[in-house]
file model-v4.cif (mmCIF, C-alpha atoms)
data_data
loop_
_atom_site.group_PDB
_atom_site.id
_atom_site.type_symbol
_atom_site.label_atom_id
_atom_site.label_comp_id
_atom_site.auth_asym_id
_atom_site.auth_seq_id
_atom_site.Cartn_x
_atom_site.Cartn_y
_atom_site.Cartn_z
ATOM 1 C CA MET M 9 235.346 137.015 120.566
ATOM 2 C CA PRO M 10 235.608 133.220 120.501
ATOM 3 C CA THR M 11 233.411 131.463 117.980
ATOM 4 C CA LYS M 12 231.852 128.085 118.408
ATOM 5 C CA LYS M 13 232.821 125.221 116.229
ATOM 6 C CA LYS M 14 230.308 124.217 113.605
ATOM 7 C CA THR M 15 230.149 120.672 114.947
ATOM 8 C CA GLU M 16 228.961 121.712 118.404
ATOM 9 C CA ILE M 17 225.189 121.843 118.889
ATOM 10 C CA GLU M 18 223.563 123.667 121.719
ATOM 11 C CA THR M 19 221.247 121.416 123.712
ATOM 12 C CA LEU M 20 218.898 122.167 126.510
ATOM 13 C CA PRO M 21 218.734 120.071 129.658
ATOM 14 C CA ASP M 22 216.203 117.200 129.527
ATOM 15 C CA GLU M 23 213.716 119.044 131.708
ATOM 16 C CA GLU M 24 213.522 122.067 129.447
ATOM 17 C CA GLN M 25 213.707 120.243 126.136
ATOM 18 C CA GLY M 26 210.249 119.940 124.581
ATOM 19 C CA SER M 27 208.374 120.921 127.705
ATOM 20 C CA ASP M 28 206.085 123.208 125.703
ATOM 21 C CA TRP M 29 204.686 120.542 123.405
ATOM 22 C CA LYS M 30 204.397 118.048 126.257
ATOM 23 C CA ALA M 31 202.356 120.528 128.248
ATOM 24 C CA ILE M 32 200.044 121.020 125.281
ATOM 25 C CA LEU M 33 199.676 117.405 124.114
ATOM 26 C CA LEU M 34 199.493 115.615 127.445
ATOM 27 C CA PRO M 35 196.018 116.914 128.464
ATOM 28 C CA ILE M 36 194.672 116.335 124.952
ATOM 29 C CA VAL M 37 195.961 112.760 124.733
ATOM 30 C CA THR M 38 194.822 112.004 128.280
ATOM 31 C CA THR M 39 191.312 113.292 127.577
ATOM 32 C CA LEU M 40 191.058 111.345 124.314
ATOM 33 C CA PHE M 41 192.309 108.182 125.988
ATOM 34 C CA GLN M 42 189.774 108.521 128.804
ATOM 35 C CA GLN M 43 186.901 109.138 126.395
ATOM 36 C CA TYR M 44 187.750 106.224 124.118
ATOM 37 C CA SER M 45 188.430 103.856 127.003
ATOM 38 C CA THR M 46 185.029 104.743 128.487
ATOM 39 C CA ILE M 47 183.306 104.131 125.145
ATOM 40 C CA ILE M 48 185.104 100.817 124.663
ATOM 41 C CA ALA M 49 184.345 99.685 128.225
ATOM 42 C CA GLU M 50 180.644 100.493 127.804
ATOM 43 C CA GLY M 51 180.547 98.573 124.530
ATOM 44 C CA ILE M 52 182.186 95.567 126.146
ATOM 45 C CA HIS M 53 179.741 95.651 129.061
ATOM 46 C CA GLU M 54 176.781 95.765 126.660
ATOM 47 C CA LYS M 55 178.073 92.824 124.618
ATOM 48 C CA VAL M 56 178.799 90.752 127.727
ATOM 49 C CA ASP M 57 175.310 91.458 129.072
ATOM 50 C CA GLN M 58 173.771 90.429 125.739
ATOM 51 C CA LEU M 59 175.816 87.226 125.628
ATOM 52 C CA LEU M 60 174.937 86.327 129.208
ATOM 53 C CA THR M 61 171.262 86.980 128.558
ATOM 54 C CA GLU M 62 171.319 84.827 125.418
ATOM 55 C CA ALA M 63 173.303 82.074 127.136
ATOM 56 C CA THR M 64 170.921 82.062 130.090
ATOM 57 C CA LYS M 65 167.879 81.838 127.818
ATOM 58 C CA ARG M 66 169.417 79.003 125.798
ATOM 59 C CA LEU M 67 170.407 77.137 128.961
ATOM 60 C CA ILE M 68 166.904 77.367 130.408
ATOM 61 C CA ILE M 69 165.324 76.278 127.123
ATOM 62 C CA SER M 70 167.763 73.375 126.809
ATOM 63 C CA LEU M 71 167.099 72.200 130.365
ATOM 64 C CA LEU M 72 163.339 72.357 129.860
ATOM 65 C CA MET M 73 163.638 70.414 126.617
ATOM 66 C CA LEU M 74 165.847 67.814 128.312
ATOM 67 C CA ILE M 75 163.389 67.346 131.170
ATOM 68 C CA GLY M 76 160.516 67.091 128.691
ATOM 69 C CA ALA M 77 162.386 64.533 126.612
ATOM 70 C CA ILE M 78 163.144 62.426 129.699
ATOM 71 C CA PHE M 79 159.484 62.393 130.731
ATOM 72 C CA ALA M 80 158.415 61.565 127.178
ATOM 73 C CA LEU M 81 160.865 58.680 126.945
ATOM 74 C CA VAL M 82 159.767 57.300 130.317
ATOM 75 C CA GLY M 83 156.167 57.546 129.131
ATOM 76 C CA VAL M 84 156.997 55.684 125.930
ATOM 77 C CA ALA M 85 158.743 52.987 127.958
ATOM 78 C CA TYR M 86 155.671 52.521 130.158
ATOM 79 C CA LEU M 87 153.436 52.541 127.062
ATOM 80 C CA ILE M 88 155.478 49.755 125.465
ATOM 81 C CA ASN M 89 155.164 47.723 128.670
ATOM 82 C CA GLU M 90 151.379 48.218 128.720
ATOM 83 C CA ILE M 91 150.821 47.493 125.036
ATOM 84 C CA PHE M 92 152.885 44.315 124.853
ATOM 85 C CA ASN M 93 152.309 43.065 128.435
ATOM 86 C CA THR M 94 156.023 42.443 128.945
ATOM 87 C CA GLU M 95 158.378 42.663 131.885
ATOM 88 C CA PRO M 96 158.632 46.203 133.322
ATOM 89 C CA SER M 97 162.214 46.660 132.104
ATOM 90 C CA THR M 98 161.528 45.737 128.471
ATOM 91 C CA GLY M 99 160.058 49.126 127.559
ATOM 92 C CA PHE M 100 162.996 50.951 129.122
ATOM 93 C CA LEU M 101 165.419 48.666 127.279
ATOM 94 C CA VAL M 102 163.727 49.352 123.934
ATOM 95 C CA VAL M 103 163.571 53.127 124.466
ATOM 96 C CA GLY M 104 167.153 53.287 125.784
ATOM 97 C CA GLY M 105 168.435 51.256 122.827
ATOM 98 C CA ALA M 106 166.571 53.463 120.355
ATOM 99 C CA VAL M 107 167.964 56.642 121.931
ATOM 100 C CA LEU M 108 171.467 55.136 121.920
ATOM 101 C CA ILE M 109 171.238 54.206 118.235
ATOM 102 C CA ILE M 110 169.883 57.647 117.313
ATOM 103 C CA GLY M 111 172.724 59.282 119.264
ATOM 104 C CA LEU M 112 175.329 57.136 117.527
ATOM 105 C CA LEU M 113 173.859 57.920 114.105
ATOM 106 C CA MET M 114 173.846 61.652 114.874
ATOM 107 C CA ASN M 115 177.464 61.446 116.061
ATOM 108 C CA TYR M 116 178.451 59.610 112.870
ATOM 109 C CA ALA M 117 176.599 62.135 110.686
ATOM 110 C CA HIS M 118 178.212 65.040 112.539
ATOM 111 C CA LYS M 119 181.728 63.703 111.896
ATOM 112 C CA LYS M 120 181.160 63.660 108.128
#
call {"tool": "encode", "arguments": {"input": "model-v4.cif", "output": "structure tokens"}}
result
Amino acid sequence: MPTKKKTEIETLPDEEQGSDWKAILLPIVTTLFQQYSTIIAEGIHEKVDQLLTEATKRLIISLLMLIGAIFALVGVAYLINEIFNTEPSTGFLVVGGAVLIIGLLMNYAHKK
């Protein structure tokens, strides 16, 4: 009876090799992946909804504040014109200059 050499190793074809553990692990890994991907996707959707809600609220508040500030500044400009009996553009020039200086000071303070 011929004996095999010690250096030769019996191997199975690629299709048969490890097919048992693949058949067992593949459904488990697939199920886990689906569950975790669903959980992660739901978490992302919740966070995005929260961020959009917060961003929308802040945008609306900012726009309302901007409109209010514009009306207040126009009112101050007209008030300056009425108090000092000056040309109509003088009040707007004073208010615009004050806002410009305040903006420049805030920009300078922000850079430090």
call {"tool": "closest_residue", "arguments": {"input": "model-v4.cif", "among": "M:Val103, M:Asn93, M:Thr39, M:Leu33", "to": "Ala77 (chain M)", "atoms": "only C-alpha atoms"}}
result
M:Val103
call {"tool": "closest_residue", "arguments": {"input": "model-v4.cif", "among": "M:His118, M:Ala63, M:Gly51, M:Leu81", "to": "Val102 (chain M)", "atoms": "all atoms listed in the file"}}
result
M:Leu81
call {"tool": "atom_distance", "arguments": {"input": "model-v4.cif", "atom1": "CA of Ile91 (chain M)", "atom2": "CA of Met114 (chain M)"}}
result
28.9 Å
call {"tool": "closest_residue", "arguments": {"input": "model-v4.cif", "among": "M:Leu101, M:Thr46, M:Ser70, M:Pro35", "to": "Val82 (chain M)", "atoms": "only C-alpha atoms"}}
result
M:Leu101
call {"tool": "atom_distance", "arguments": {"input": "model-v4.cif", "atom1": "CA of Phe79 (chain M)", "atom2": "CA of Gly99 (chain M)"}}
result
13.7 Å
call {"tool": "closest_residue", "arguments": {"input": "model-v4.cif", "among": "M:Asn89, M:Val84, M:Glu95, M:Lys65", "to": "Val107 (chain M)", "atoms": "only C-alpha atoms"}}
result
M:Val84
call {"tool": "atom_distance", "arguments": {"input": "model-v4.cif", "atom1": "CA of Ala31 (chain M)", "atom2": "CA of Ile47 (chain M)"}}
result
25.3 Å
